[in-house]
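Okay, structure_26.cif now, which holds mmCIF, C-alpha atoms and all ligand atoms:
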data_final
#
loop_
_atom_site.label_atom_id
_atom_site.label_comp_id
_atom_site.auth_asym_id
_atom_site.auth_seq_id
_atom_site.Cartn_x
_atom_site.Cartn_y
_atom_site.Cartn_z
CA MET A 7 -16.18 -19.35 10.03
CA SER A 8 -12.63 -20.39 9.36
CA ARG A 9 -10.05 -21.11 12.03
CA VAL A 10 -8.42 -18.15 13.81
CA LYS A 11 -5.24 -17.25 11.92
CA ARG A 12 -2.06 -16.80 13.94
CA ILE A 13 -0.03 -13.85 12.71
CA ILE A 14 3.34 -12.64 13.92
CA VAL A 15 4.08 -8.93 13.61
CA THR A 16 7.53 -7.40 14.09
CA GLY A 17 8.21 -3.88 15.34
CA ALA A 18 4.95 -4.58 17.16
CA GLY A 19 5.20 -1.63 19.56
CA GLY A 20 5.83 0.95 16.84
CA SER A 21 3.14 3.19 15.35
CA PRO A 22 3.12 1.58 11.89
CA SER A 23 2.69 -1.96 13.22
CA THR A 24 0.10 -0.75 15.71
CA ASN A 25 -1.92 0.65 12.82
CA PHE A 26 -1.60 -2.74 11.12
CA ILE A 27 -2.70 -4.58 14.26
CA ARG A 28 -5.63 -2.19 14.87
CA SER A 29 -6.70 -2.64 11.26
CA LEU A 30 -6.82 -6.43 11.67
CA ARG A 31 -8.76 -6.00 14.91
CA LEU A 32 -11.29 -3.90 12.98
CA SER A 33 -11.71 -6.56 10.28
CA PRO A 34 -14.63 -9.00 10.29
CA GLU A 35 -12.27 -11.84 11.21
CA LYS A 36 -10.70 -12.66 14.56
CA PHE A 37 -6.90 -12.97 14.59
CA PHE A 38 -4.41 -14.24 17.14
CA ILE A 39 -1.51 -11.82 16.93
CA VAL A 40 1.99 -12.41 18.23
CA GLY A 41 4.05 -9.25 18.63
CA VAL A 42 7.82 -9.03 18.67
CA ASP A 43 9.90 -5.91 19.12
CA CYS A 44 13.61 -5.32 19.71
CA ASP A 45 12.96 -2.39 22.04
CA GLU A 46 11.94 -3.37 25.55
CA TYR A 47 9.95 -0.16 26.04
CA TYR A 48 8.13 -0.21 22.72
CA LEU A 49 7.26 -3.84 23.33
CA GLN A 50 5.11 -2.77 26.28
CA ARG A 51 2.85 -0.82 23.93
CA ALA A 52 2.19 -3.70 21.55
CA GLU A 53 -1.53 -4.41 21.27
CA THR A 54 -0.96 -8.09 20.58
CA ASP A 55 -2.12 -11.31 22.21
CA LEU A 56 1.45 -12.30 23.04
CA LYS A 57 4.61 -10.19 23.27
CA PHE A 58 8.26 -11.18 22.92
CA LEU A 59 11.42 -9.12 23.10
CA VAL A 60 13.81 -10.04 20.28
CA PRO A 61 17.36 -9.01 19.35
CA GLY A 62 17.83 -6.35 16.65
CA ALA A 63 17.68 -7.54 13.05
CA ASP A 64 21.44 -7.04 12.68
CA ASP A 65 22.17 -9.35 15.64
CA LYS A 66 23.30 -12.88 14.81
CA ASN A 67 20.68 -14.28 17.16
CA TYR A 68 17.77 -12.48 15.51
CA LEU A 69 16.82 -15.26 13.13
CA PRO A 70 17.24 -18.23 15.51
CA ILE A 71 15.13 -16.45 18.17
CA LEU A 72 12.48 -15.40 15.65
CA LYS A 73 12.28 -18.95 14.34
CA GLN A 74 11.92 -20.32 17.84
CA ILE A 75 9.05 -17.92 18.61
CA ILE A 76 7.37 -18.78 15.31
CA LYS A 77 7.59 -22.46 16.17
CA GLU A 78 6.42 -22.10 19.76
CA THR A 79 3.47 -19.85 18.95
CA GLN A 80 2.56 -21.77 15.78
CA ALA A 81 2.45 -18.51 13.85
CA GLU A 82 1.45 -19.06 10.22
CA PHE A 83 2.20 -15.70 8.63
CA ILE A 84 4.71 -12.94 9.34
CA TYR A 85 4.27 -9.22 8.68
CA SER A 86 7.16 -6.91 9.29
CA GLN A 87 7.24 -3.15 9.38
CA PRO A 88 10.84 -1.98 10.09
CA ASP A 89 12.89 -1.91 6.86
CA MET A 90 15.80 -3.80 8.31
CA GLU A 91 13.54 -6.63 9.40
CA VAL A 92 11.67 -6.65 6.08
CA ASN A 93 15.04 -7.17 4.43
CA LYS A 94 16.23 -9.86 6.82
CA ILE A 95 12.95 -11.76 6.71
CA SER A 96 12.81 -11.47 2.95
CA ALA A 97 16.34 -12.84 2.54
CA ASN A 98 15.46 -15.80 4.78
CA ARG A 99 11.83 -16.26 3.75
CA ASP A 100 12.21 -19.94 2.83
CA ASP A 101 13.80 -20.79 6.14
CA LEU A 102 11.44 -19.26 8.71
CA GLY A 103 8.73 -21.89 8.82
CA VAL A 104 6.08 -19.27 8.20
CA LYS A 105 4.27 -17.72 5.23
CA THR A 106 5.33 -14.34 3.86
CA PHE A 107 3.78 -12.18 1.16
CA LEU A 108 6.68 -10.12 -0.08
CA PRO A 109 8.10 -8.79 -3.33
CA ALA A 110 11.13 -10.50 -4.87
CA HIS A 111 14.20 -9.99 -2.70
CA LYS A 112 15.97 -8.10 -5.48
CA THR A 113 13.10 -5.58 -5.50
CA ILE A 114 13.47 -5.08 -1.75
CA GLU A 115 17.21 -4.50 -2.12
CA ILE A 116 16.70 -1.88 -4.82
CA CYS A 117 13.83 -0.08 -3.09
CA GLN A 118 15.71 0.12 0.19
CA ASN A 119 18.57 1.84 -1.60
CA LYS A 120 17.54 5.28 -2.81
CA LEU A 121 20.48 5.60 -5.20
CA GLU A 122 19.76 2.25 -6.89
CA SER A 123 16.06 3.17 -7.16
CA TYR A 124 17.01 6.50 -8.69
CA LYS A 125 19.15 4.79 -11.32
CA MET A 126 16.28 2.50 -12.34
CA TRP A 127 13.85 5.41 -12.66
CA LYS A 128 16.29 7.44 -14.64
CA GLN A 129 16.84 4.53 -16.99
CA ALA A 130 13.06 4.24 -17.44
CA GLN A 131 12.93 7.98 -18.21
CA ILE A 132 10.74 8.77 -15.23
CA LYS A 133 11.03 12.33 -14.01
CA THR A 134 13.04 12.20 -10.79
CA PRO A 135 15.41 14.76 -9.27
CA GLU A 136 18.91 14.61 -10.70
CA THR A 137 21.05 12.92 -8.03
CA ILE A 138 24.79 12.62 -7.41
CA LEU A 139 26.56 10.24 -5.02
CA ILE A 140 28.79 12.26 -2.71
CA ASN A 141 32.06 10.44 -2.12
CA ASN A 142 34.18 13.50 -1.55
CA GLU A 143 34.40 17.27 -1.76
CA SER A 144 34.80 17.36 -5.49
CA ASP A 145 31.50 15.43 -5.92
CA LEU A 146 29.87 18.01 -3.70
CA LYS A 147 31.31 20.84 -5.81
CA GLU A 148 29.95 19.16 -8.91
CA ALA A 149 26.54 18.84 -7.23
CA PHE A 150 26.41 22.57 -6.54
CA SER A 151 27.42 23.41 -10.08
CA LYS A 152 24.97 20.99 -11.72
CA LEU A 153 21.92 20.72 -9.46
CA GLY A 154 20.93 24.32 -8.89
CA LYS A 155 21.46 26.88 -6.23
CA SER A 156 20.21 24.81 -3.33
CA VAL A 157 20.73 21.03 -3.08
CA TRP A 158 18.90 18.36 -1.12
CA LEU A 159 21.22 16.11 0.86
CA ARG A 160 20.18 12.78 2.33
CA ALA A 161 21.28 9.27 3.24
CA ILE A 162 20.99 6.56 0.56
CA VAL A 163 19.63 4.11 3.10
CA SER A 164 17.04 5.58 5.46
CA PRO A 165 14.62 3.72 7.67
CA GLY A 166 12.15 6.54 7.03
CA GLY A 167 12.11 9.85 8.81
CA GLY A 168 14.12 11.60 6.12
CA LYS A 169 17.47 10.38 7.44
CA GLY A 170 20.20 12.96 6.85
CA SER A 171 17.77 15.31 5.07
CA PHE A 172 19.13 18.80 4.79
CA PHE A 173 19.08 21.48 2.14
CA THR A 174 21.41 24.39 1.73
CA ASP A 175 22.79 26.73 -0.90
CA ASP A 176 26.12 26.97 0.92
CA PHE A 177 28.91 24.59 -0.05
CA GLU A 178 30.70 24.91 3.30
CA VAL A 179 27.54 24.15 5.25
CA ALA A 180 26.82 21.12 3.05
CA LYS A 181 30.36 19.88 3.59
CA ALA A 182 30.08 20.29 7.35
CA TRP A 183 26.72 18.49 7.38
CA ILE A 184 28.01 15.47 5.46
CA LYS A 185 31.08 15.35 7.67
CA HIS A 186 28.92 15.62 10.79
CA CYS A 187 26.69 12.76 9.58
CA LYS A 188 29.73 10.67 8.52
CA GLY A 189 27.99 10.69 5.15
CA TRP A 190 30.89 10.60 2.64
CA GLY A 191 30.05 7.74 0.29
CA SER A 192 26.62 7.11 1.77
CA PHE A 193 24.89 10.43 1.03
CA THR A 194 23.54 11.87 -2.17
CA ALA A 195 22.82 15.39 -3.30
CA SER A 196 19.70 15.99 -5.42
CA GLU A 197 17.89 18.77 -7.15
CA ARG A 198 15.57 20.35 -4.68
CA LEU A 199 11.87 19.68 -5.13
CA THR A 200 8.97 21.54 -3.50
CA SER A 201 7.66 20.66 -0.05
CA GLN A 202 4.45 19.12 -1.43
CA THR A 203 4.24 15.36 -1.26
CA VAL A 204 1.86 12.58 -2.18
CA ALA A 205 2.00 8.87 -1.43
CA TRP A 206 0.45 6.01 -3.37
CA LEU A 207 -0.09 2.89 -1.32
CA SER A 208 -0.76 -0.26 -3.30
CA ILE A 209 -1.15 -4.02 -2.99
CA TRP A 210 -0.28 -6.42 -5.81
CA LYS A 211 -0.48 -10.11 -6.49
CA LYS A 212 1.32 -11.92 -9.31
CA GLY A 213 1.93 -8.67 -11.17
CA GLU A 214 -1.68 -7.57 -10.89
CA LEU A 215 -2.87 -4.49 -9.04
CA ILE A 216 -5.39 -5.39 -6.35
CA VAL A 217 -5.96 -1.94 -4.89
CA ALA A 218 -4.23 1.44 -4.59
CA GLN A 219 -5.06 4.62 -2.75
CA GLY A 220 -3.48 8.07 -3.02
CA ARG A 221 -2.88 10.33 -0.06
CA LYS A 222 -1.29 13.73 0.16
CA ARG A 223 0.40 15.08 3.23
CA LEU A 224 -0.51 18.60 4.29
CA TYR A 225 2.44 19.01 6.66
CA TRP A 226 5.01 17.12 8.70
CA GLU A 227 4.25 16.84 12.39
CA PHE A 228 6.97 18.74 14.33
CA GLY A 229 8.32 19.99 10.99
CA ASN A 230 9.29 23.31 12.55
CA ARG A 231 11.67 21.54 14.93
CA VAL A 232 14.15 20.16 12.40
CA PRO A 233 16.37 21.97 9.90
CA SER A 234 14.99 20.36 6.72
CA GLY A 235 11.35 20.56 7.83
CA VAL A 236 11.07 16.80 7.16
CA THR A 237 10.48 14.70 10.26
CA GLY A 238 9.00 11.67 8.54
CA LEU A 239 6.00 12.03 10.83
CA THR A 240 2.91 12.76 8.80
CA GLY A 241 0.74 15.49 10.31
CA THR A 242 -2.54 15.64 8.44
CA GLY A 243 -3.11 13.29 5.52
CA VAL A 244 -5.80 13.75 2.87
CA THR A 245 -7.16 11.18 0.40
CA VAL A 246 -6.53 12.02 -3.24
CA CYS A 247 -7.61 10.63 -6.55
CA ASP A 248 -5.32 11.93 -9.28
CA PRO A 249 -4.88 10.02 -12.55
CA LEU A 250 -1.44 11.57 -13.01
CA VAL A 251 -0.28 10.20 -9.66
CA ASP A 252 -1.85 6.80 -10.45
CA ASP A 253 -0.06 6.67 -13.77
CA ILE A 254 3.35 7.80 -12.56
CA ALA A 255 3.26 5.60 -9.45
CA GLN A 256 2.63 2.49 -11.55
CA LYS A 257 5.48 3.37 -13.91
CA VAL A 258 7.70 3.95 -10.88
CA ILE A 259 6.94 0.44 -9.63
CA PHE A 260 7.30 -1.28 -13.01
CA ALA A 261 10.65 0.42 -13.61
CA ILE A 262 11.96 -1.69 -10.73
CA ASP A 263 9.77 -4.79 -10.73
CA ASN A 264 7.77 -6.19 -13.65
CA ASN A 265 6.01 -8.70 -11.42
CA PRO A 266 4.92 -6.79 -8.31
CA CYS A 267 3.77 -8.83 -5.35
CA GLY A 268 2.77 -7.53 -1.91
CA ILE A 269 2.93 -3.93 -0.72
CA TYR A 270 4.44 -1.00 -2.64
CA GLY A 271 4.16 2.49 -1.12
CA VAL A 272 5.39 5.06 -3.62
CA ASP A 273 6.52 8.36 -2.08
CA LEU A 274 6.42 11.27 -4.50
CA THR A 275 7.30 14.94 -4.14
CA TYR A 276 6.12 17.62 -6.58
CA ASP A 277 8.63 19.58 -8.62
CA LYS A 278 8.13 23.22 -9.52
CA ASP A 279 6.18 22.17 -12.65
CA ARG A 280 3.68 20.27 -10.47
CA ILE A 281 4.95 16.87 -11.66
CA PRO A 282 5.13 14.28 -8.87
CA ASN A 283 8.68 12.87 -8.77
CA PRO A 284 9.37 9.56 -7.00
CA THR A 285 11.78 9.79 -4.08
CA GLU A 286 11.40 6.23 -2.80
CA ILE A 287 9.23 3.14 -2.71
CA ASN A 288 8.49 1.89 0.78
CA ILE A 289 8.61 -1.78 0.07
CA GLY A 290 6.84 -4.76 1.60
CA ARG A 291 5.17 -2.65 4.28
CA PHE A 292 2.40 -0.11 4.70
CA PHE A 293 3.09 3.53 5.39
CA THR A 294 2.70 4.45 9.05
CA THR A 295 -0.72 6.07 8.97
CA HIS A 296 -2.61 3.39 7.05
CA LEU A 297 -5.20 3.16 9.85
CA PHE A 298 -6.58 6.28 8.11
CA PHE A 299 -7.68 4.14 5.14
CA THR A 300 -9.02 1.40 7.40
CA LYS A 301 -11.19 3.86 9.33
CA ALA A 302 -12.36 5.41 6.07
CA GLY A 303 -13.48 1.97 4.81
CA LEU A 304 -10.47 0.47 3.03
CA ASN A 305 -8.81 -2.11 5.26
CA MET A 306 -5.57 -2.77 3.39
CA PRO A 307 -4.01 -5.00 6.07
CA TYR A 308 -7.04 -7.29 5.91
CA ILE A 309 -6.93 -7.41 2.10
CA PHE A 310 -3.20 -8.13 2.33
CA VAL A 311 -3.65 -11.03 4.78
CA LYS A 312 -6.51 -12.51 2.75
CA LEU A 313 -4.33 -12.41 -0.36
CA ALA A 314 -1.46 -14.04 1.49
CA PHE A 315 -3.74 -16.88 2.55
CA ASP A 316 -5.28 -17.18 -0.94
CA GLU A 317 -8.72 -16.51 0.46
CA GLU A 318 -11.67 -14.61 -0.91
CA LEU A 319 -11.20 -10.85 -0.70
CA PRO A 320 -13.58 -8.46 0.99
CA ASP A 321 -15.50 -6.21 -1.38
CA ILE A 322 -13.24 -3.56 -2.96
CA LYS A 323 -15.25 -0.84 -4.72
CA LYS A 324 -12.58 -0.14 -7.32
CA LYS A 325 -8.91 -0.80 -7.79
CA LEU A 326 -7.79 2.82 -8.03
CA ASN A 327 -8.60 5.15 -5.16
CA PRO A 328 -11.75 3.49 -3.79
CA LEU A 329 -12.02 6.08 -1.01
CA PRO A 330 -13.69 9.46 -1.52
CA SER A 331 -11.26 12.34 -2.04
CA ASP A 332 -10.56 14.99 0.59
CA LEU A 333 -11.08 12.86 3.66
CA ALA A 334 -8.63 14.06 6.30
CA TRP A 335 -6.74 12.18 9.03
CA VAL A 336 -5.44 14.55 11.67
CA ARG A 337 -2.92 13.04 14.03
CA GLY A 338 -0.37 13.98 16.64
CA MET A 339 1.42 12.74 19.69
CA ASP A 340 -0.89 11.94 22.62
CA PHE A 341 -4.04 12.43 20.52
CA GLU A 342 -6.38 9.84 19.15
CA PRO A 343 -6.34 10.41 15.38
CA ILE A 344 -9.39 12.17 13.96
CA LEU A 345 -11.10 11.14 10.74
CA THR A 346 -12.70 14.20 9.20
CA SER A 347 -12.77 15.96 5.83
CA LEU A 348 -11.31 19.07 4.26
CA LYS A 349 -14.90 20.32 3.97
CA GLU A 350 -15.39 20.21 7.74
CA ILE A 351 -12.01 21.81 8.36
CA LYS A 352 -12.90 24.59 5.94
CA ALA A 353 -16.22 25.16 7.74
CA ASP A 354 -14.27 26.18 10.85
CA LYS A 355 -12.27 28.68 8.82
CA ASP A 356 -15.42 30.06 7.20
CA LYS A 357 -16.94 30.58 10.60
CA LEU A 358 -13.90 32.51 11.81
CA ASN A 359 -14.05 34.63 8.67
CA GLN A 360 -17.65 35.48 9.44
CA TYR A 361 -16.68 36.61 12.95
CA LEU A 362 -13.82 38.63 11.49
CA LYS A 363 -16.22 40.36 9.12
CA GLY A 364 -18.46 41.12 12.08
CA ILE A 365 -15.79 42.93 14.07
CA ASN A 366 -14.16 44.81 11.17
N1 LIG B 401 15.08 16.18 -3.74
C1 LIG B 401 14.25 16.54 -2.78
N2 LIG B 401 13.85 17.81 -2.65
C2 LIG B 401 12.99 18.20 -1.69
N3 LIG B 401 12.49 17.37 -0.77
C3 LIG B 401 12.86 16.07 -0.82
C4 LIG B 401 13.74 15.59 -1.83
N4 LIG B 401 13.92 14.25 -1.62
C5 LIG B 401 13.18 13.94 -0.55
N5 LIG B 401 12.54 15.03 -0.07
C6 LIG B 401 11.66 15.12 1.11
O1 LIG B 401 12.04 14.15 2.08
C7 LIG B 401 10.91 13.32 2.38
C8 LIG B 401 11.41 11.94 2.74
O2 LIG B 401 11.96 11.33 1.59
P1 LIG B 401 11.65 9.84 1.22
O3 LIG B 401 12.17 9.59 -0.17
O4 LIG B 401 10.20 9.54 1.44
O5 LIG B 401 12.59 9.02 2.21
P2 LIG B 401 12.43 8.53 3.73
O6 LIG B 401 10.96 8.61 4.06
O7 LIG B 401 12.93 7.14 3.71
O8 LIG B 401 13.31 9.40 4.51
C9 LIG B 401 10.05 13.41 1.14
O9 LIG B 401 8.70 13.12 1.41
C10 LIG B 401 10.22 14.84 0.74
O10 LIG B 401 9.40 15.69 1.56
MG MG B 402 9.33 8.20 2.81
#

Mind turning the file's structure into structure tokens?
Ligand SMILES: Nc1ncnc2c1ncn2[C@@H]1O[C@H](COP(=O)(O)OP(=O)(O)O)[C@@H](O)[C@H]1O
Ligand SMILES: [Mg+2]
Amino acid sequence: MSRVKRIIVTGAGGSPSTNFIRSLRLSPEKFFIVGVDCDEYYLQRAETDLKFLVPGADDKNYLPILKQIIKETQAEFIYSQPDMEVNKISANRDDLGVKTFLPAHKTIEICQNKLESYKMWKQAQIKTPETILINNESDLKEAFSKLGKSVWLRAIVSPGGGKGSFFTDDFEVAKAWIKHCKGWGSFTASERLTSQTVAWLSIWKKGELIVAQGRKRLYWEFGNRVPSGVTGLTGTGVTVCDPLVDDIAQKVIFAIDNNPCGIYGVDLTYDKDRIPNPTEINIGRFFTTHLFFTKAGLNMPYIFVKLAFDEELPDIKKKLNPLPSDLAWVRGMDFEPILTSLKEIKADKDKLNQYLKGIN
């Protein structure tokens, strides 16, 4: 057995990093995990061997402190989940004294900017909702005249969670929303898609696909508590295997990066013609609920770490969608997530229907 690897994880008390940490704990290898978080409360939740509070990624002391912790704990590899930290670590990857396994920095810059991503997809003739940068009222007027009755507003840079998401068919309401969010110049308006989404989570090395798995989202947790319905918190996720999604997602990635390396999570939303349109690539990190795949038998964090260390990979059944379709991951606040299947969920409904027949 090889030596225990020492891995540093940022945002260590957040749900996404916790799913990463739990995945590594479920792998056949033992890891020593150092957790850092910039929130003193979240830090308490980190399921790591060591915990350190750090400044926020935009603080001038972030890098010096991170470097000091890396040195002191002899961490060999860093995985980061919050977008801002992914960006900062990527920009300084040669200076941290630790291994990373990230896409090119340019790719990270483009993917973390939804307007820049949109431009690349449009250029590559990928179907994506028509989008207009809103600098002022006249841009907003143009959006309403060109994009359809109802437009989808959102922030160009969002750390997830659908920042600034709002749709309306009323110009005055849209104007008030952008003003309220201080969004002039940093918001876009887009054609409105449906509420059906699918994500395609993939790992690459030297331009080659190692593994990818599709997952649709049945609903947003707490979706009825926000105006746009989008909370960024996945409710129930379901594994999918759809060649159309596989094909589009790969084109979406190659439109931005012809040599993918590391993690690319393509978020797609269906249009009214049932074509999945890209809305963003979550870059260099896994989507929050990836413990779903681990529990179902595809441990992406482990594959990712093995690739980063140039070691032999665990057995992967196939590159595209190795998991069976229609597995379901039901999650919510204060509940342990449940791994089940659409079949089992349907059985409950069938049973109720039988009762209903009996009383009517
Ligand atoms: N043009 C659009 N029309 C309808 N819904 C959209 C549109 N753009 C984004 N959304 C919704 O907002 C969600 C979040 O968008 P996404 O691009 O994943 O950004 P982020 O997760 O960073 O906020 C999408 O999954 C989708 O449900
Ligand atoms: Mg998203």

Give one line per residue of chain A that approaches ligand LIG 401 (chain B) to at most 7 Å, naming the two atoms of the closest pair and their distance in Å to one decimal, counting all atoms listed in the file; sort by chain then ascending residue number and deliver it as JSON lines.
{"residue": "A:Pro135", "atom": "CA", "partner": "B:LIG401", "partner_atom": "N1", "distance": 5.7}
{"residue": "A:Trp158", "atom": "CA", "partner": "B:LIG401", "partner_atom": "N1", "distance": 5.1}
{"residue": "A:Ser164", "atom": "CA", "partner": "B:LIG401", "partner_atom": "O7", "distance": 4.7}
{"residue": "A:Pro165", "atom": "CA", "partner": "B:LIG401", "partner_atom": "O7", "distance": 5.5}
{"residue": "A:Gly166", "atom": "CA", "partner": "B:LIG401", "partner_atom": "O7", "distance": 3.5}
{"residue": "A:Gly167", "atom": "CA", "partner": "B:LIG401", "partner_atom": "O8", "distance": 4.5}
{"residue": "A:Gly168", "atom": "CA", "partner": "B:LIG401", "partner_atom": "O8", "distance": 2.8}
{"residue": "A:Lys169", "atom": "CA", "partner": "B:LIG401", "partner_atom": "O8", "distance": 5.2}
{"residue": "A:Ser171", "atom": "CA", "partner": "B:LIG401", "partner_atom": "O1", "distance": 6.6}
{"residue": "A:Ser196", "atom": "CA", "partner": "B:LIG401", "partner_atom": "N1", "distance": 4.9}
{"residue": "A:Glu197", "atom": "CA", "partner": "B:LIG401", "partner_atom": "N1", "distance": 5.1}
{"residue": "A:Arg198", "atom": "CA", "partner": "B:LIG401", "partner_atom": "N2", "distance": 3.7}
{"residue": "A:Leu199", "atom": "CA", "partner": "B:LIG401", "partner_atom": "N2", "distance": 3.7}
{"residue": "A:Thr200", "atom": "CA", "partner": "B:LIG401", "partner_atom": "C2", "distance": 5.5}
{"residue": "A:Ser201", "atom": "CA", "partner": "B:LIG401", "partner_atom": "O10", "distance": 5.5}
{"residue": "A:Gln202", "atom": "CA", "partner": "B:LIG401", "partner_atom": "O10", "distance": 6.7}
{"residue": "A:Thr203", "atom": "CA", "partner": "B:LIG401", "partner_atom": "O9", "distance": 5.7}
{"residue": "A:Val236", "atom": "CA", "partner": "B:LIG401", "partner_atom": "O1", "distance": 5.8}
{"residue": "A:Gly238", "atom": "CA", "partner": "B:LIG401", "partner_atom": "O6", "distance": 5.8}
{"residue": "A:Asp273", "atom": "CA", "partner": "B:LIG401", "partner_atom": "O4", "distance": 5.2}
{"residue": "A:Leu274", "atom": "CA", "partner": "B:LIG401", "partner_atom": "O9", "distance": 6.6}
{"residue": "A:Thr275", "atom": "CA", "partner": "B:LIG401", "partner_atom": "C10", "distance": 5.7}
{"residue": "A:Thr285", "atom": "CA", "partner": "B:LIG401", "partner_atom": "O3", "distance": 3.9}
{"residue": "A:Glu286", "atom": "CA", "partner": "B:LIG401", "partner_atom": "O3", "distance": 4.3}

Report summary line: note - CA of Asn141 (chain A) and CA of Thr194 (chain A) are separated by 8.6 Å

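Each of A:Ile269, A:Ala334, A:Val232, A:Cys117 was checked against Phe173 (chain A) using all atoms listed in the file; the smallest atom-to-atom distance is that of A:Val232.
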
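Of the residues under consideration (A:Pro330, A:Gly364, A:Gly229, A:Pro284), A:Pro284 shows the shortest atom-to-atom contact distance to ligand MG 402 (chain B) when counting only C-alpha atoms and all ligand atoms.
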
Query raised in the report: Any idea what's packed within 10 Å of Cys267 (chain A), counting only C-alpha atoms, ignoring anything in its chain fewer than 6 positions away? Could you give it as a list of chain:residue names?
Result: A:Phe107, A:Leu108, A:Pro109, A:Ala110, A:Thr113, A:Ser208, A:Ile209, A:Trp210, A:Lys211, A:Lys212, A:Gly213, A:Glu214, A:Leu215, A:Ile216, A:Gly290

Query raised in the report: Restricting the calculation to all atoms listed in the file, which member of A:Glu350, A:Asp89, A:Asp277, A:Glu122 is positioned closest to ligand MG 402 (chain B)?
Result: A:Asp89
